[in-house]
Each structure stands twice: as C-alpha cells, then as structure tokens.
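Q: I have a structure I would like to understand better, so I am pasting it below and will then ask my questions one at a time.
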Amino acid sequence: MTTAEVTTIADLNDRFRKGDRTLGKHMASARVNALTSEQQQELTRLVRVFNDFTEGNDPHGEHDFGAVEFEGEKWFFKLDYFDAEFEYGAEDPSDPHYCRRLLTIMHSSEY
C-alpha cells in the first residue's frame, strides 16, 4: 500500500469515527449496550475525540484502532472494512465508493 493510500484511509477513518455516518455503520458490544444512554454517549464522545495514535497502537497508520479510559476502565474501538453490502471484506479501504466501515466499540475484556 502506498503512503498516499494509507493517508487517505486514515483520513476516511477519522472522518467516520468523528461522525460522518455516510461512510459506514457503528456497532456496540454487549458491555457497551449495558451502559446507560448517558454513559454510551460519553463513551462515544471519547472515541470521537481520540487522537493519540502512535506507532505502538497504530503501526500501519490507518487510525483503525484505539483505547480510551472511561469510568476507570479501558475501552477499545476498532474499524473494519467491508464491501457496500457488508458481506465481504473491502478490496480497497481507500475508496469510499466501494468500502464501508464498521466501527465497533467494546470493553477491553471483550476483545
């Protein structure tokens, strides 16, 4: 993958994570769904504002994974790439016309 493609993927992932729902869908794990609505909103806000990508947590530079602290516990978010029907993996995550993103937020124990 070229540097330009990786940069495009990271930019698309950031846009999606920060709220652009045209690029995919969001999912929540059982532990997230067990939280109150207010807690879910705060956890989602923390994921949206996350910007601490490093070589250690983002070795490919795609901004597709991160961890946030919420109420004294660690929570993860993970982005995966699918075709337009969410049936198969996307061939080219840098092409927003053919790639749909799935953002999953989960407790660290669910990973």
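In the structure tokens, the first chain shown is A, the next is B, and so on; residue numbers restart at 1 for each chain, and ligands run from 1 in the order shown.
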Per DSSP on the backbone, what are the alpha helix (DSSP H) residues of chain A, as JSON, numbers by chain?
A: {"A": [3, 4, 5, 6, 7, 8, 9, 10, 11, 12, 13, 14, 15, 16, 17, 30, 31, 32, 33, 37, 38, 39, 40, 41, 42, 43, 44, 45, 46, 47, 48, 49]}
Q: Would you save the residues from that selection as a short mmCIF file (atom, residue, chain, number, x, y, z; two decimals), in the first residue's frame, using N, CA and C atoms?
A:
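Listing of selection-v6.cif after writing:
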```cif
data_model
loop_
_atom_site.label_atom_id
_atom_site.label_comp_id
_atom_site.auth_asym_id
_atom_site.auth_seq_id
_atom_site.Cartn_x
_atom_site.Cartn_y
_atom_site.Cartn_z
N THR A 3 1.94 5.29 0.53
CA THR A 3 1.77 6.27 1.61
C THR A 3 0.51 7.09 1.38
N ALA A 4 0.22 7.43 0.15
CA ALA A 4 -0.99 8.21 -0.17
C ALA A 4 -2.25 7.43 0.18
N GLU A 5 -2.25 6.13 -0.12
CA GLU A 5 -3.42 5.30 0.21
C GLU A 5 -3.61 5.21 1.72
N VAL A 6 -2.52 5.02 2.46
CA VAL A 6 -2.61 4.93 3.93
C VAL A 6 -3.11 6.26 4.50
N THR A 7 -2.63 7.36 3.98
CA THR A 7 -3.09 8.68 4.44
C THR A 7 -4.57 8.86 4.15
N THR A 8 -5.02 8.44 2.97
CA THR A 8 -6.44 8.52 2.62
C THR A 8 -7.28 7.67 3.56
N ILE A 9 -6.83 6.44 3.83
CA ILE A 9 -7.55 5.55 4.74
C ILE A 9 -7.65 6.17 6.13
N ALA A 10 -6.55 6.70 6.64
CA ALA A 10 -6.56 7.34 7.97
C ALA A 10 -7.52 8.53 7.99
N ASP A 11 -7.51 9.34 6.93
CA ASP A 11 -8.42 10.49 6.86
C ASP A 11 -9.88 10.04 6.84
N LEU A 12 -10.19 9.01 6.05
CA LEU A 12 -11.56 8.48 6.00
C LEU A 12 -11.96 7.90 7.35
N ASN A 13 -11.06 7.16 7.97
CA ASN A 13 -11.35 6.58 9.28
C ASN A 13 -11.61 7.67 10.32
N ASP A 14 -10.82 8.72 10.29
CA ASP A 14 -11.02 9.83 11.22
C ASP A 14 -12.37 10.51 10.98
N ARG A 15 -12.68 10.77 9.72
CA ARG A 15 -13.98 11.39 9.39
C ARG A 15 -15.13 10.54 9.90
N PHE A 16 -15.05 9.25 9.66
CA PHE A 16 -16.12 8.34 10.06
C PHE A 16 -16.22 8.27 11.59
N ARG A 17 -15.09 8.10 12.24
CA ARG A 17 -15.08 7.99 13.70
C ARG A 17 -15.61 9.26 14.35
N ALA A 30 -21.86 -6.03 23.89
CA ALA A 30 -22.81 -6.26 24.98
C ALA A 30 -22.52 -5.36 26.17
N ARG A 31 -21.26 -5.19 26.51
CA ARG A 31 -20.91 -4.34 27.67
C ARG A 31 -21.26 -2.87 27.40
N VAL A 32 -21.08 -2.43 26.17
CA VAL A 32 -21.45 -1.05 25.83
C VAL A 32 -22.97 -0.91 25.88
N ASN A 33 -23.68 -1.87 25.33
CA ASN A 33 -25.14 -1.81 25.34
C ASN A 33 -25.72 -1.86 26.74
N SER A 37 -27.79 5.27 28.66
CA SER A 37 -27.72 6.10 27.46
C SER A 37 -26.69 7.21 27.63
N GLU A 38 -26.66 7.83 28.80
CA GLU A 38 -25.70 8.90 29.06
C GLU A 38 -24.26 8.38 29.03
N GLN A 39 -24.05 7.21 29.60
CA GLN A 39 -22.71 6.61 29.57
C GLN A 39 -22.30 6.27 28.14
N GLN A 40 -23.21 5.73 27.36
CA GLN A 40 -22.91 5.40 25.97
C GLN A 40 -22.55 6.66 25.19
N GLN A 41 -23.28 7.73 25.43
CA GLN A 41 -22.98 9.00 24.75
C GLN A 41 -21.59 9.51 25.11
N GLU A 42 -21.22 9.41 26.38
CA GLU A 42 -19.90 9.88 26.79
C GLU A 42 -18.80 8.99 26.22
N LEU A 43 -19.00 7.70 26.22
CA LEU A 43 -18.01 6.78 25.65
C LEU A 43 -17.84 7.07 24.16
N THR A 44 -18.93 7.27 23.46
CA THR A 44 -18.87 7.60 22.03
C THR A 44 -18.15 8.92 21.81
N ARG A 45 -18.39 9.88 22.66
CA ARG A 45 -17.69 11.17 22.55
C ARG A 45 -16.19 10.98 22.71
N LEU A 46 -15.78 10.15 23.67
CA LEU A 46 -14.36 9.89 23.88
C LEU A 46 -13.72 9.24 22.66
N VAL A 47 -14.44 8.35 22.02
CA VAL A 47 -13.93 7.72 20.79
C VAL A 47 -13.81 8.76 19.68
N ARG A 48 -14.80 9.63 19.56
CA ARG A 48 -14.77 10.65 18.51
C ARG A 48 -13.60 11.62 18.66
N VAL A 49 -13.26 11.98 19.88
CA VAL A 49 -12.19 12.97 20.08
C VAL A 49 -10.81 12.32 20.23
#
```
Q: Write out as a VMD selection string the residues lying within 6 Å of segment 77-88 of chain A, counting only C-alpha atoms and excluding same-chain residues fewer than 2 positions away.
A: chain A and resid 64 to 66 90 98 to 105
Q: Write the selection just made, keeping N, CA, C and O atoms, as a tab-separated table (two decimals), in the first residue's frame?
A:
```
chain	number	residue	atom	x	y	z
A	64	ASP	N	-7.20	2.92	12.77
A	64	ASP	CA	-8.30	1.95	12.79
A	64	ASP	C	-8.49	1.26	14.14
A	64	ASP	O	-9.34	0.38	14.27
A	65	PHE	N	-7.76	1.69	15.15
A	65	PHE	CA	-7.87	1.08	16.47
A	65	PHE	C	-7.42	2.09	17.52
A	65	PHE	O	-6.51	2.87	17.28
A	66	GLY	N	-8.06	2.04	18.68
A	66	GLY	CA	-7.64	2.90	19.77
A	66	GLY	C	-8.23	2.44	21.09
A	66	GLY	O	-9.14	1.61	21.12
A	90	ALA	N	-13.47	-5.40	2.23
A	90	ALA	CA	-13.25	-4.44	1.14
A	90	ALA	C	-11.89	-4.69	0.51
A	90	ALA	O	-10.91	-4.93	1.20
A	98	TYR	N	-16.61	2.19	-2.63
A	98	TYR	CA	-16.77	0.73	-2.59
A	98	TYR	C	-16.46	0.13	-1.22
A	98	TYR	O	-16.61	-1.06	-1.04
A	99	CYS	N	-16.02	0.94	-0.31
A	99	CYS	CA	-15.66	0.45	1.02
A	99	CYS	C	-16.56	1.08	2.07
A	99	CYS	O	-16.71	2.30	2.12
A	100	ARG	N	-17.14	0.23	2.90
A	100	ARG	CA	-17.94	0.69	4.03
A	100	ARG	C	-17.20	0.30	5.31
A	100	ARG	O	-16.63	-0.78	5.40
A	101	ARG	N	-17.24	1.19	6.27
A	101	ARG	CA	-16.54	0.97	7.53
A	101	ARG	C	-17.52	0.51	8.60
A	101	ARG	O	-18.67	0.92	8.62
A	102	LEU	N	-17.01	-0.34	9.47
A	102	LEU	CA	-17.77	-0.77	10.63
A	102	LEU	C	-16.95	-0.41	11.86
A	102	LEU	O	-15.83	-0.91	12.04
A	103	LEU	N	-17.49	0.48	12.69
A	103	LEU	CA	-16.82	0.89	13.92
A	103	LEU	C	-17.46	0.13	15.06
A	103	LEU	O	-18.66	0.23	15.28
A	104	THR	N	-16.66	-0.64	15.78
A	104	THR	CA	-17.14	-1.37	16.94
A	104	THR	C	-16.48	-0.80	18.18
A	104	THR	O	-15.27	-0.64	18.23
A	105	ILE	N	-17.32	-0.48	19.17
A	105	ILE	CA	-16.82	-0.03	20.47
A	105	ILE	C	-17.08	-1.15	21.45
A	105	ILE	O	-18.18	-1.72	21.47
```
Q: Taking only C-alpha atoms into account, which of A:Tyr111, A:Phe70, A:Met106, A:Trp75 comes nearest His26 of chain A?
A: A:Met106
